[in-house]
$ cat structure_38.pdb   # PDB, C-alpha atoms and all ligand atoms
ATOM      1  CA  MET A   1      -9.795  52.233 158.532
ATOM      2  CA  ILE A   2     -10.491  54.478 155.548
ATOM      3  CA  VAL A   3      -7.467  55.568 153.511
ATOM      4  CA  SER A   4      -7.989  58.442 151.107
ATOM      5  CA  GLY A   5      -6.401  59.302 147.811
ATOM      6  CA  SER A   6      -5.537  62.961 147.362
ATOM      7  CA  ALA A   7      -8.462  63.599 145.002
ATOM      8  CA  SER A   8     -11.099  61.985 147.236
ATOM      9  CA  GLN A   9     -10.463  63.451 150.680
ATOM     10  CA  GLY A  10     -13.975  64.859 151.150
ATOM     11  CA  LEU A  11     -15.721  61.690 150.032
ATOM     12  CA  ALA A  12     -13.386  59.523 152.157
ATOM     13  CA  ALA A  13     -14.161  61.644 155.229
ATOM     14  CA  ALA A  14     -17.894  61.365 154.556
ATOM     15  CA  LEU A  15     -17.534  57.605 154.113
ATOM     16  CA  ALA A  16     -15.576  57.263 157.369
ATOM     17  CA  ALA A  17     -18.356  59.164 159.157
ATOM     18  CA  GLU A  18     -21.067  56.997 157.563
ATOM     19  CA  LEU A  19     -19.272  53.790 158.552
ATOM     20  CA  GLY A  20     -18.008  54.991 161.945
ATOM     21  CA  GLU A  21     -14.451  54.074 160.947
ATOM     22  CA  ASP A  22     -11.175  55.956 161.419
ATOM     23  CA  LEU A  23      -9.975  58.190 158.603
ATOM     24  CA  ALA A  24      -6.229  57.667 158.190
ATOM     25  CA  ARG A  25      -3.888  60.628 158.150
ATOM     26  CA  VAL A  26      -2.189  59.985 154.803
ATOM     27  CA  GLU A  27       0.865  61.960 153.708
ATOM     28  CA  PHE A  28       1.408  62.679 150.007
ATOM     29  CA  ASP A  29       4.834  63.764 148.797
ATOM     30  CA  ARG A  30       7.159  63.647 145.823
ATOM     31  CA  PHE A  31      10.854  62.869 145.479
ATOM     32  CA  PRO A  32      13.060  65.455 143.780
ATOM     33  CA  ASP A  33      12.778  63.515 140.515
ATOM     34  CA  GLY A  34       8.991  63.953 140.581
ATOM     35  CA  GLU A  35       8.074  60.409 141.614
ATOM     36  CA  GLN A  36       5.267  60.144 144.151
ATOM     37  CA  ILE A  37       5.514  58.678 147.629
ATOM     38  CA  VAL A  38       2.699  58.168 150.134
ATOM     39  CA  SER A  39       2.698  57.283 153.803
ATOM     40  CA  VAL A  40      -0.090  55.634 155.818
ATOM     41  CA  PRO A  41      -0.311  54.822 159.542
ATOM     42  CA  PRO A  42      -0.056  51.269 160.928
ATOM     43  CA  THR A  43      -3.246  49.289 160.474
ATOM     44  CA  ASP A  44      -4.776  45.830 160.527
ATOM     45  CA  GLY A  45      -7.937  44.032 159.437
ATOM     46  CA  ARG A  46     -10.013  45.478 156.582
ATOM     47  CA  VAL A  47      -8.781  48.690 155.009
ATOM     48  CA  VAL A  48     -10.812  50.680 152.501
ATOM     49  CA  VAL A  49      -8.712  52.691 150.057
ATOM     50  CA  VAL A  50     -10.777  55.447 148.402
ATOM     51  CA  GLY A  51      -9.355  57.128 145.331
ATOM     52  CA  SER A  52     -10.903  58.568 142.195
ATOM     53  CA  THR A  53      -8.537  58.145 139.281
ATOM     54  CA  VAL A  54      -9.107  61.549 137.743
ATOM     55  CA  SER A  55      -5.582  61.762 136.303
ATOM     56  CA  ASP A  56      -2.637  59.543 135.509
ATOM     57  CA  ALA A  57      -0.989  60.769 138.737
ATOM     58  CA  THR A  58      -3.946  59.621 140.831
ATOM     59  CA  HIS A  59      -3.870  56.222 139.097
ATOM     60  CA  VAL A  60      -0.273  55.769 140.238
ATOM     61  CA  GLU A  61      -1.092  57.170 143.678
ATOM     62  CA  LEU A  62      -3.875  54.578 144.096
ATOM     63  CA  LEU A  63      -1.443  51.747 143.338
ATOM     64  CA  LEU A  64       0.996  53.145 145.900
ATOM     65  CA  LEU A  65      -1.730  53.448 148.554
ATOM     66  CA  GLN A  66      -2.829  49.849 147.984
ATOM     67  CA  ASP A  67       0.728  48.651 148.463
ATOM     68  CA  ALA A  68       1.313  50.915 151.468
ATOM     69  CA  VAL A  69      -1.706  49.609 153.395
ATOM     70  CA  ARG A  70      -0.569  45.999 152.864
ATOM     71  CA  GLU A  71       2.881  46.954 154.149
ATOM     72  CA  ALA A  72       1.206  48.706 157.094
ATOM     73  CA  GLY A  73      -0.654  45.553 158.147
ATOM     74  CA  ALA A  74      -3.965  45.377 156.261
ATOM     75  CA  ASP A  75      -5.130  41.828 155.673
ATOM     76  CA  HIS A  76      -8.115  42.669 153.464
ATOM     77  CA  VAL A  77      -8.080  45.596 151.039
ATOM     78  CA  VAL A  78     -11.213  47.050 149.477
ATOM     79  CA  THR A  79     -10.490  49.610 146.782
ATOM     80  CA  VAL A  80     -13.256  52.147 146.235
ATOM     81  CA  ILE A  81     -12.813  54.063 142.993
ATOM     82  CA  PRO A  82     -15.605  56.667 143.021
ATOM     83  CA  TYR A  83     -14.685  57.840 139.520
ATOM     84  CA  LEU A  84     -12.889  55.236 137.448
ATOM     85  CA  GLY A  85     -10.759  56.977 134.857
ATOM     86  CA  TYR A  86     -10.215  55.295 131.481
ATOM     87  CA  ALA A  87     -13.557  53.484 131.837
ATOM     88  CA  ARG A  88     -14.826  55.096 128.640
ATOM     89  CA  GLN A  89     -11.975  53.352 126.761
ATOM     90  CA  ASP A  90     -13.684  50.012 127.303
ATOM     91  CA  GLN A  91     -12.656  48.628 123.910
ATOM     92  CA  ALA A  92      -9.894  49.068 121.336
ATOM     93  CA  PHE A  93     -11.251  51.776 119.035
ATOM     94  CA  ALA A  94      -8.724  51.201 116.233
ATOM     95  CA  ALA A  95      -6.041  48.733 115.213
ATOM     96  CA  GLY A  96      -3.047  49.176 117.480
ATOM     97  CA  HIS A  97      -5.058  50.667 120.357
ATOM     98  CA  PRO A  98      -5.128  49.078 123.818
ATOM     99  CA  VAL A  99      -8.244  48.222 125.781
ATOM    100  CA  SER A 100      -7.250  50.932 128.218
ATOM    101  CA  ALA A 101      -9.951  50.193 130.803
ATOM    102  CA  ARG A 102      -8.712  46.600 130.983
ATOM    103  CA  ALA A 103      -5.086  47.712 131.349
ATOM    104  CA  VAL A 104      -5.801  49.964 134.323
ATOM    105  CA  ALA A 105      -8.198  47.437 135.882
ATOM    106  CA  ARG A 106      -5.512  44.756 135.784
ATOM    107  CA  ALA A 107      -3.020  47.050 137.478
ATOM    108  CA  ILE A 108      -5.502  48.016 140.212
ATOM    109  CA  SER A 109      -6.427  44.349 140.723
ATOM    110  CA  THR A 110      -2.916  43.432 141.814
ATOM    111  CA  GLY A 111      -3.246  45.406 145.059
ATOM    112  CA  THR A 112      -6.734  44.618 146.263
ATOM    113  CA  ASP A 113      -9.174  41.910 147.260
ATOM    114  CA  GLU A 114     -12.292  43.799 146.184
ATOM    115  CA  VAL A 115     -13.190  46.740 143.963
ATOM    116  CA  LEU A 116     -16.193  49.023 144.254
ATOM    117  CA  THR A 117     -16.889  51.856 141.837
ATOM    118  CA  VAL A 118     -19.732  54.295 141.157
ATOM    119  CA  ASN A 119     -21.717  54.462 137.911
ATOM    120  CA  PRO A 120     -18.975  53.254 135.553
ATOM    121  CA  HIS A 121     -19.668  54.381 132.001
ATOM    122  CA  GLU A 122     -20.009  50.735 130.935
ATOM    123  CA  ARG A 123     -20.744  48.050 133.535
ATOM    124  CA  GLY A 124     -18.750  45.626 131.400
ATOM    125  CA  VAL A 125     -15.511  47.187 132.672
ATOM    126  CA  LEU A 126     -16.126  45.395 135.978
ATOM    127  CA  ASP A 127     -15.251  42.158 134.184
ATOM    128  CA  TYR A 128     -11.744  43.508 133.568
ATOM    129  CA  PHE A 129     -10.894  43.382 137.288
ATOM    130  CA  GLU A 130      -9.175  40.193 138.377
ATOM    131  CA  VAL A 131     -10.334  40.215 142.012
ATOM    132  CA  ASP A 132     -12.665  38.273 144.303
ATOM    133  CA  ALA A 133     -15.461  40.838 143.840
ATOM    134  CA  ALA A 134     -15.896  43.870 141.576
ATOM    135  CA  ALA A 135     -19.140  45.808 141.871
ATOM    136  CA  ALA A 136     -20.701  49.173 141.089
ATOM    137  CA  VAL A 137     -23.185  51.317 142.975
ATOM    138  CA  ASP A 138     -25.647  53.779 141.470
ATOM    139  CA  ALA A 139     -25.474  57.294 142.938
ATOM    140  CA  SER A 140     -27.875  58.881 140.449
ATOM    141  CA  ARG A 141     -30.755  59.136 142.916
ATOM    142  CA  CYS A 142     -28.649  61.516 145.065
ATOM    143  CA  LEU A 143     -28.825  64.072 142.237
ATOM    144  CA  ALA A 144     -32.477  64.836 142.976
ATOM    145  CA  THR A 145     -31.728  66.096 146.492
ATOM    146  CA  PRO A 146     -30.468  69.617 145.626
ATOM    147  CA  LEU A 147     -33.261  70.256 143.082
ATOM    148  CA  PRO A 148     -35.837  72.865 144.159
ATOM    149  CA  ASP A 149     -39.160  71.395 145.311
ATOM    150  CA  ASP A 150     -41.151  73.647 142.964
ATOM    151  CA  LEU A 151     -39.859  72.772 139.481
ATOM    152  CA  VAL A 152     -42.539  73.647 136.902
ATOM    153  CA  ASP A 153     -43.831  70.587 135.036
ATOM    154  CA  PRO A 154     -40.266  69.196 134.996
ATOM    155  CA  VAL A 155     -38.732  67.187 132.161
ATOM    156  CA  PHE A 156     -35.751  64.923 132.873
ATOM    157  CA  LEU A 157     -33.771  64.327 129.683
ATOM    158  CA  GLY A 158     -30.874  62.038 128.857
ATOM    159  CA  PRO A 159     -28.558  63.435 126.142
ATOM    160  CA  ASP A 160     -28.558  59.971 124.568
ATOM    161  CA  ALA A 161     -30.666  56.821 124.767
ATOM    162  CA  SER A 162     -28.389  55.154 127.313
ATOM    163  CA  ALA A 163     -28.804  58.085 129.718
ATOM    164  CA  GLU A 164     -32.617  57.922 129.699
ATOM    165  CA  SER A 165     -32.709  55.306 132.456
ATOM    166  CA  LEU A 166     -30.404  57.517 134.542
ATOM    167  CA  ALA A 167     -32.756  60.475 133.937
ATOM    168  CA  GLY A 168     -35.633  58.220 134.956
ATOM    169  CA  ARG A 169     -33.983  57.334 138.253
ATOM    170  CA  VAL A 170     -33.426  61.015 139.048
ATOM    171  CA  ARG A 171     -37.081  61.704 138.161
ATOM    172  CA  ASP A 172     -38.190  58.833 140.412
ATOM    173  CA  ALA A 173     -36.129  60.209 143.291
ATOM    174  CA  TYR A 174     -37.516  63.716 142.637
ATOM    175  CA  GLY A 175     -41.071  62.369 142.643
ATOM    176  CA  SER A 176     -42.628  63.864 139.494
ATOM    177  CA  GLY A 177     -41.895  64.824 135.882
ATOM    178  CA  ALA A 178     -41.552  63.421 132.383
ATOM    179  CA  VAL A 179     -38.560  61.473 131.042
ATOM    180  CA  ASP A 180     -37.140  61.529 127.503
ATOM    181  CA  HIS A 181     -33.833  61.489 125.629
ATOM    182  CA  PHE A 182     -32.003  62.957 122.641
ATOM    183  CA  GLU A 183     -30.304  60.921 119.898
ATOM    184  CA  LYS A 184     -26.518  61.414 119.973
ATOM    185  CA  THR A 185     -23.799  60.570 117.461
ATOM    186  CA  ARG A 186     -20.191  61.107 118.567
ATOM    187  CA  LEU A 187     -18.076  62.644 115.790
ATOM    188  CA  SER A 188     -14.791  62.882 117.738
ATOM    189  CA  GLY A 189     -13.463  63.100 121.297
ATOM    190  CA  SER A 190     -14.800  66.637 121.636
ATOM    191  CA  GLU A 191     -17.578  66.814 119.011
ATOM    192  CA  VAL A 192     -21.042  65.275 119.060
ATOM    193  CA  GLU A 193     -24.117  65.573 116.871
ATOM    194  CA  ILE A 194     -27.461  65.579 118.694
ATOM    195  CA  ALA A 195     -30.952  65.214 117.278
ATOM    196  CA  PRO A 196     -33.737  67.000 119.182
ATOM    197  CA  SER A 197     -35.915  65.134 121.631
ATOM    198  CA  ASP A 198     -39.634  65.004 120.849
ATOM    199  CA  ALA A 199     -40.445  66.349 124.296
ATOM    200  CA  ASP A 200     -42.275  69.683 124.375
ATOM    201  CA  VAL A 201     -40.230  71.667 126.894
ATOM    202  CA  ALA A 202     -41.672  75.165 126.326
ATOM    203  CA  GLY A 203     -42.240  76.878 129.655
ATOM    204  CA  ARG A 204     -41.035  73.841 131.620
ATOM    205  CA  ASP A 205     -38.075  73.336 133.924
ATOM    206  CA  VAL A 206     -35.612  70.953 132.262
ATOM    207  CA  VAL A 207     -32.994  68.787 133.981
ATOM    208  CA  VAL A 208     -30.531  67.127 131.585
ATOM    209  CA  VAL A 209     -28.973  64.088 133.271
ATOM    210  CA  ASP A 210     -25.834  62.159 132.297
ATOM    211  CA  ASP A 211     -23.319  59.906 134.003
ATOM    212  CA  ILE A 212     -20.416  62.254 133.285
ATOM    213  CA  VAL A 213     -19.846  65.739 131.978
ATOM    214  CA  ALA A 214     -16.315  65.803 130.590
ATOM    215  CA  THR A 215     -15.771  68.436 127.887
ATOM    216  CA  GLY A 216     -19.414  69.540 128.147
ATOM    217  CA  SER A 217     -19.878  69.037 124.382
ATOM    218  CA  THR A 218     -22.677  66.503 124.784
ATOM    219  CA  MET A 219     -24.643  68.614 127.241
ATOM    220  CA  SER A 220     -24.181  71.975 125.547
ATOM    221  CA  GLU A 221     -25.066  70.545 122.124
ATOM    222  CA  ALA A 222     -28.190  68.864 123.536
ATOM    223  CA  ILE A 223     -29.322  72.027 125.275
ATOM    224  CA  THR A 224     -29.242  74.051 122.036
ATOM    225  CA  HIS A 225     -32.109  71.843 120.820
ATOM    226  CA  LEU A 226     -34.425  72.768 123.682
ATOM    227  CA  ALA A 227     -37.174  75.129 122.520
ATOM    228  CA  ASP A 228     -38.064  77.831 125.101
ATOM    229  CA  PRO A 229     -37.574  75.937 128.359
ATOM    230  CA  ALA A 230     -38.270  77.905 131.562
ATOM    231  CA  SER A 231     -34.885  76.830 132.915
ATOM    232  CA  VAL A 232     -32.158  74.280 132.212
ATOM    233  CA  ARG A 233     -30.192  72.450 134.882
ATOM    234  CA  VAL A 234     -27.489  69.839 134.378
ATOM    235  CA  ALA A 235     -27.142  66.880 136.745
ATOM    236  CA  CYS A 236     -24.346  64.319 136.497
ATOM    237  CA  VAL A 237     -22.790  61.712 138.749
ATOM    238  CA  HIS A 238     -19.225  62.574 137.700
ATOM    239  CA  PRO A 239     -18.617  66.332 137.228
ATOM    240  CA  LEU A 240     -15.284  66.040 135.458
ATOM    241  CA  LEU A 241     -15.784  69.441 133.813
ATOM    242  CA  ALA A 242     -12.553  69.416 131.831
ATOM    243  CA  SER A 243     -11.145  72.414 129.995
ATOM    244  CA  ASN A 244     -13.850  75.016 129.288
ATOM    245  CA  ALA A 245     -16.844  72.772 130.023
ATOM    246  CA  ARG A 246     -18.332  75.171 132.564
ATOM    247  CA  LEU A 247     -18.086  78.069 130.123
ATOM    248  CA  LYS A 248     -19.776  75.985 127.427
ATOM    249  CA  LEU A 249     -22.615  75.082 129.754
ATOM    250  CA  GLY A 250     -23.030  78.672 130.906
ATOM    251  CA  ASP A 251     -23.050  79.856 127.305
ATOM    252  CA  ALA A 252     -25.755  77.262 126.534
ATOM    253  CA  GLY A 253     -27.957  78.818 129.243
ATOM    254  CA  VAL A 254     -27.501  76.324 132.072
ATOM    255  CA  THR A 255     -28.499  77.944 135.361
ATOM    256  CA  GLU A 256     -27.236  75.243 137.709
ATOM    257  CA  ILE A 257     -24.878  72.241 137.577
ATOM    258  CA  ILE A 258     -25.345  69.493 140.154
ATOM    259  CA  GLY A 259     -22.776  66.745 140.602
ATOM    260  CA  THR A 260     -21.724  64.261 143.243
ATOM    261  CA  ASP A 261     -18.367  64.150 145.013
ATOM    262  CA  THR A 262     -17.053  61.180 143.018
ATOM    263  CA  ILE A 263     -15.041  63.996 141.464
ATOM    264  CA  GLU A 264     -14.595  66.786 143.999
ATOM    265  CA  ARG A 265     -15.548  70.041 142.310
ATOM    266  CA  PRO A 266     -17.377  73.212 143.429
ATOM    267  CA  VAL A 267     -20.561  71.726 141.874
ATOM    268  CA  SER A 268     -20.303  68.535 143.987
ATOM    269  CA  ARG A 269     -23.500  69.326 145.868
ATOM    270  CA  VAL A 270     -24.232  65.777 147.063
ATOM    271  CA  SER A 271     -22.111  62.957 148.411
ATOM    272  CA  ALA A 272     -22.030  59.437 147.046
ATOM    273  CA  ALA A 273     -20.796  58.293 150.481
ATOM    274  CA  PRO A 274     -24.180  56.984 151.731
ATOM    275  CA  VAL A 275     -24.705  54.673 148.738
ATOM    276  CA  ILE A 276     -21.097  53.433 148.959
ATOM    277  CA  ALA A 277     -21.464  52.915 152.717
ATOM    278  CA  ASP A 278     -24.614  50.829 152.168
ATOM    279  CA  VAL A 279     -22.466  48.257 150.371
ATOM    280  CA  LEU A 280     -19.490  48.390 152.742
ATOM    281  CA  ALA A 281     -21.382  48.359 156.052
TER     282      ALA A 281
HETATM  283  C1  LIG A 301     -21.012  59.168 126.860
HETATM  284  O1  LIG A 301     -21.807  58.400 126.318
HETATM  285  C2  LIG A 301     -21.229  59.676 128.249
HETATM  286  O2  LIG A 301     -22.417  59.223 128.797
HETATM  287  C3  LIG A 301     -21.203  61.193 128.285
HETATM  288  O3  LIG A 301     -22.296  61.686 127.536
HETATM  289  C4  LIG A 301     -19.941  61.730 127.702
HETATM  290  O4  LIG A 301     -18.840  61.020 128.190
HETATM  291  C5  LIG A 301     -19.784  63.184 128.050
HETATM  292  O5  LIG A 301     -18.610  63.659 127.477
HETATM  293  P1  LIG A 301     -18.487  65.160 127.024
HETATM  294  O6  LIG A 301     -18.894  66.032 128.178
HETATM  295  O7  LIG A 301     -17.047  65.316 126.670
HETATM  296  O8  LIG A 301     -19.364  65.362 125.825
END
$ encode --input "structure_38.pdb" --output "structure tokens" --more "lines below"
Ligand code: R5P
Amino acid sequence: MIVSGSASQGLAAALAAELGEDLARVEFDRFPDGEQIVSVPPTDGRVVVVGSTVSDATHVELLLLQDAVREAGADHVVTVIPYLGYARQDQAFAAGHPVSARAVARAISTGTDEVLTVNPHERGVLDYFEVDAAAAVDASRCLATPLPDDLVDPVFLGPDASAESLAGRVRDAYGSGAVDHFEKTRLSGSEVEIAPSDADVAGRDVVVVDDIVATGSTMSEAITHLADPASVRVACVHPLLASNARLKLGDAGVTEIIGTDTIERPVSRVSAAPVIADVLA
């Protein structure tokens, strides 16, 4: 049985279809004091709980779902976290700070036998889970699917060095094009400094690829350094698109944003369900 969190209903349905398993009818409610309550149907055997932790409320909801499926009869719980919130806080950044990714991983670990996530910002966060198995799948190749077949001399760019391999995997899935990256320095939570890539993009179709677009600062800053591209598209696994990110990207000249459904947004053009199902089947 597949049990969905409120923020992952589309992906959970796609996963249930891929695996040929039942999708549970989950009820989400709140008590008058604001506390959440969930309800799941009776079950047994392996249960897959699917919930992106896109907010503090969905973190709590995931913990409640894990406990509910145990109460309902599950004897093996697999927790799929398509987008793992707090994963970018993978270390204490200053004295007195927590290792937030570790704190949430420990909490999630208490209710599950296994954890599966998608393109965590740092793979090292998997070590923070105290479970039998914690793994990650790569959904980046899905991002090539919605791209037009006739991109002109395409260039796939990562906004920083660590995203170049991601850009390369999208290029490989697309079938042609160059790969390069910008140099990025983060100045604050919402400000970055980007040095231009050496790639000559004049007259070419550019796809800038990253694991996540959050505030859009990284992408929009990178795009300002592109000299006369024919077009600019943004592709990301996790289209968080917080605050005015879409406006920033539009202002920077982005013609299309492509994301997966690890975070369900209007730009979630492709599903990560097939790559998750490959591991769970
Ligand atoms: C950081 O290294 C990540 O790969 C992303 O580039 C970053 O998290 C995006 O954040 P934002 O959209 O807020 O610049």
$ closest_residue --input "structure_38.pdb" --among "A:Leu143, A:Val152, A:Ile276, A:Ala281" --to "A:Ile257" --atoms "only C-alpha atoms"
A:Leu143
$ residues_around --input "structure_38.pdb" --residues "A:Ile258" --least-positions-apart "5" --cutoff "9 Å" --atoms "all atoms listed in the file" --output "list of chain:residue names"
A:Leu143, A:Ala144, A:Pro146, A:Leu147, A:Arg233, A:Val234, A:Ala235, A:Cys236, A:Val237, A:Pro239, A:Val267, A:Ser268, A:Arg269, A:Val270
$ resolve_selection --input "structure_38.pdb" --expression "the PyMOL selection byres (((not hetatm)) within 8 of (chain A and resi 301))" --output "PyMOL selection string"
chain A and resi 88+121+159-160+162-163+189-192+210-219+241-242+245
$ resolve_selection --input "structure_38.pdb" --expression "the PyMOL selection byres (((chain A and resi 179) around 7) and not hetatm)" --output "PDB file with C-alpha atoms, keeping the file's coordinate frame"
ATOM      1  CA  VAL A 155     -38.732  67.187 132.161  1.00  0.00           C
ATOM      2  CA  PHE A 156     -35.751  64.923 132.873  1.00  0.00           C
ATOM      3  CA  LEU A 157     -33.771  64.327 129.683  1.00  0.00           C
ATOM      4  CA  ALA A 167     -32.756  60.475 133.937  1.00  0.00           C
ATOM      5  CA  GLY A 168     -35.633  58.220 134.956  1.00  0.00           C
ATOM      6  CA  GLY A 177     -41.895  64.824 135.882  1.00  0.00           C
ATOM      7  CA  ALA A 178     -41.552  63.421 132.383  1.00  0.00           C
ATOM      8  CA  ASP A 180     -37.140  61.529 127.503  1.00  0.00           C
TER       9      ASP A 180
END
$ atom_distance --input "structure_38.pdb" --atom1 "atom CA of A:Ser4" --atom2 "atom CA of A:Val49"
5.9 Å
$ resolve_selection --input "structure_38.pdb" --expression "the PyMOL selection byres (((chain A and resi 70) around 10) and not hetatm)" --output "ChimeraX atom specification"
/A:42-44,47,65-69,71-77,111-112
$ atom_distance --input "structure_38.pdb" --atom1 "atom CA of A:Val275" --atom2 "atom CA of A:Phe28"
27.3 Å
$ closest_residue --input "structure_38.pdb" --among "A:Ala95, A:Ala133, A:Ser220, A:Gly259" --to "A:Ser271" --atoms "only C-alpha atoms"
A:Gly259
$ residues_around --input "structure_38.pdb" --residues "A:Gly10" --least-positions-apart "4" --cutoff "10 Å" --atoms "only C-alpha atoms" --output "PDB file with C-alpha atoms, in the coordinates of the input"
ATOM      1  CA  SER A   4      -7.989  58.442 151.107  1.00  0.00           C
ATOM      2  CA  GLY A   5      -6.401  59.302 147.811  1.00  0.00           C
ATOM      3  CA  SER A   6      -5.537  62.961 147.362  1.00  0.00           C
ATOM      4  CA  ALA A  14     -17.894  61.365 154.556  1.00  0.00           C
ATOM      5  CA  LEU A  15     -17.534  57.605 154.113  1.00  0.00           C
ATOM      6  CA  ALA A  16     -15.576  57.263 157.369  1.00  0.00           C
ATOM      7  CA  ASP A 261     -18.367  64.150 145.013  1.00  0.00           C
ATOM      8  CA  THR A 262     -17.053  61.180 143.018  1.00  0.00           C
ATOM      9  CA  ILE A 263     -15.041  63.996 141.464  1.00  0.00           C
ATOM     10  CA  GLU A 264     -14.595  66.786 143.999  1.00  0.00           C
ATOM     11  CA  SER A 271     -22.111  62.957 148.411  1.00  0.00           C
ATOM     12  CA  ALA A 273     -20.796  58.293 150.481  1.00  0.00           C
TER      13      ALA A 273
END
$ residues_around --input "structure_38.pdb" --residues "A:Ser100" --least-positions-apart "5" --cutoff "8 Å" --atoms "only C-alpha atoms" --output "PyMOL selection string"
chain A and resi 86-87+89-92
$ closest_residue --input "structure_38.pdb" --among "A:Phe129, A:Asp228, A:Ala134, A:His238" --to "A:Tyr83" --atoms "all atoms listed in the file"
A:His238
$ closest_residue --input "structure_38.pdb" --among "A:Phe31, A:Ala222, A:Arg204, A:Ile108" --to "A:Leu64" --atoms "only C-alpha atoms"
A:Ile108
$ residues_around --input "structure_38.pdb" --residues "stretch 60-62 of chain A" --least-positions-apart "3" --cutoff "12 Å" --atoms "all atoms listed in the file" --output "PDB file with C-alpha atoms, in the coordinates of the input"
ATOM      1  CA  VAL A   3      -7.467  55.568 153.511  1.00  0.00           C
ATOM      2  CA  SER A   4      -7.989  58.442 151.107  1.00  0.00           C
ATOM      3  CA  GLY A   5      -6.401  59.302 147.811  1.00  0.00           C
ATOM      4  CA  SER A   6      -5.537  62.961 147.362  1.00  0.00           C
ATOM      5  CA  ALA A   7      -8.462  63.599 145.002  1.00  0.00           C
ATOM      6  CA  SER A   8     -11.099  61.985 147.236  1.00  0.00           C
ATOM      7  CA  VAL A  26      -2.189  59.985 154.803  1.00  0.00           C
ATOM      8  CA  GLU A  27       0.865  61.960 153.708  1.00  0.00           C
ATOM      9  CA  PHE A  28       1.408  62.679 150.007  1.00  0.00           C
ATOM     10  CA  ASP A  29       4.834  63.764 148.797  1.00  0.00           C
ATOM     11  CA  ARG A  30       7.159  63.647 145.823  1.00  0.00           C
ATOM     12  CA  GLU A  35       8.074  60.409 141.614  1.00  0.00           C
ATOM     13  CA  GLN A  36       5.267  60.144 144.151  1.00  0.00           C
ATOM     14  CA  ILE A  37       5.514  58.678 147.629  1.00  0.00           C
ATOM     15  CA  VAL A  38       2.699  58.168 150.134  1.00  0.00           C
ATOM     16  CA  SER A  39       2.698  57.283 153.803  1.00  0.00           C
ATOM     17  CA  VAL A  48     -10.812  50.680 152.501  1.00  0.00           C
ATOM     18  CA  VAL A  49      -8.712  52.691 150.057  1.00  0.00           C
ATOM     19  CA  VAL A  50     -10.777  55.447 148.402  1.00  0.00           C
ATOM     20  CA  GLY A  51      -9.355  57.128 145.331  1.00  0.00           C
ATOM     21  CA  SER A  52     -10.903  58.568 142.195  1.00  0.00           C
ATOM     22  CA  THR A  53      -8.537  58.145 139.281  1.00  0.00           C
ATOM     23  CA  VAL A  54      -9.107  61.549 137.743  1.00  0.00           C
ATOM     24  CA  SER A  55      -5.582  61.762 136.303  1.00  0.00           C
ATOM     25  CA  ASP A  56      -2.637  59.543 135.509  1.00  0.00           C
ATOM     26  CA  ALA A  57      -0.989  60.769 138.737  1.00  0.00           C
ATOM     27  CA  LEU A  65      -1.730  53.448 148.554  1.00  0.00           C
ATOM     28  CA  GLN A  66      -2.829  49.849 147.984  1.00  0.00           C
ATOM     29  CA  ASP A  67       0.728  48.651 148.463  1.00  0.00           C
ATOM     30  CA  ALA A  68       1.313  50.915 151.468  1.00  0.00           C
ATOM     31  CA  VAL A  69      -1.706  49.609 153.395  1.00  0.00           C
ATOM     32  CA  VAL A  78     -11.213  47.050 149.477  1.00  0.00           C
ATOM     33  CA  THR A  79     -10.490  49.610 146.782  1.00  0.00           C
ATOM     34  CA  VAL A  80     -13.256  52.147 146.235  1.00  0.00           C
ATOM     35  CA  ILE A  81     -12.813  54.063 142.993  1.00  0.00           C
ATOM     36  CA  PRO A  82     -15.605  56.667 143.021  1.00  0.00           C
ATOM     37  CA  LEU A  84     -12.889  55.236 137.448  1.00  0.00           C
ATOM     38  CA  GLY A  85     -10.759  56.977 134.857  1.00  0.00           C
ATOM     39  CA  VAL A 104      -5.801  49.964 134.323  1.00  0.00           C
ATOM     40  CA  ALA A 105      -8.198  47.437 135.882  1.00  0.00           C
ATOM     41  CA  ALA A 107      -3.020  47.050 137.478  1.00  0.00           C
ATOM     42  CA  ILE A 108      -5.502  48.016 140.212  1.00  0.00           C
ATOM     43  CA  SER A 109      -6.427  44.349 140.723  1.00  0.00           C
ATOM     44  CA  THR A 110      -2.916  43.432 141.814  1.00  0.00           C
ATOM     45  CA  GLY A 111      -3.246  45.406 145.059  1.00  0.00           C
ATOM     46  CA  THR A 112      -6.734  44.618 146.263  1.00  0.00           C
TER      47      THR A 112
END
$ atom_distance --input "structure_38.pdb" --atom1 "atom CA of A:Pro41" --atom2 "atom CA of A:Ile2"
10.9 Å
$ residues_near_point --input "structure_38.pdb" --point "(-39.6, 65.0, 124.4)" --cutoff "7 Å" --atoms "only C-alpha atoms" --output "NGL selection string"
:A and (180-181 or 197-200)
$ closest_residue --input "structure_38.pdb" --among "A:Pro98, A:Pro120, A:Pro148, A:Gly158" --to "A:Val209" --atoms "all atoms listed in the file"
A:Gly158
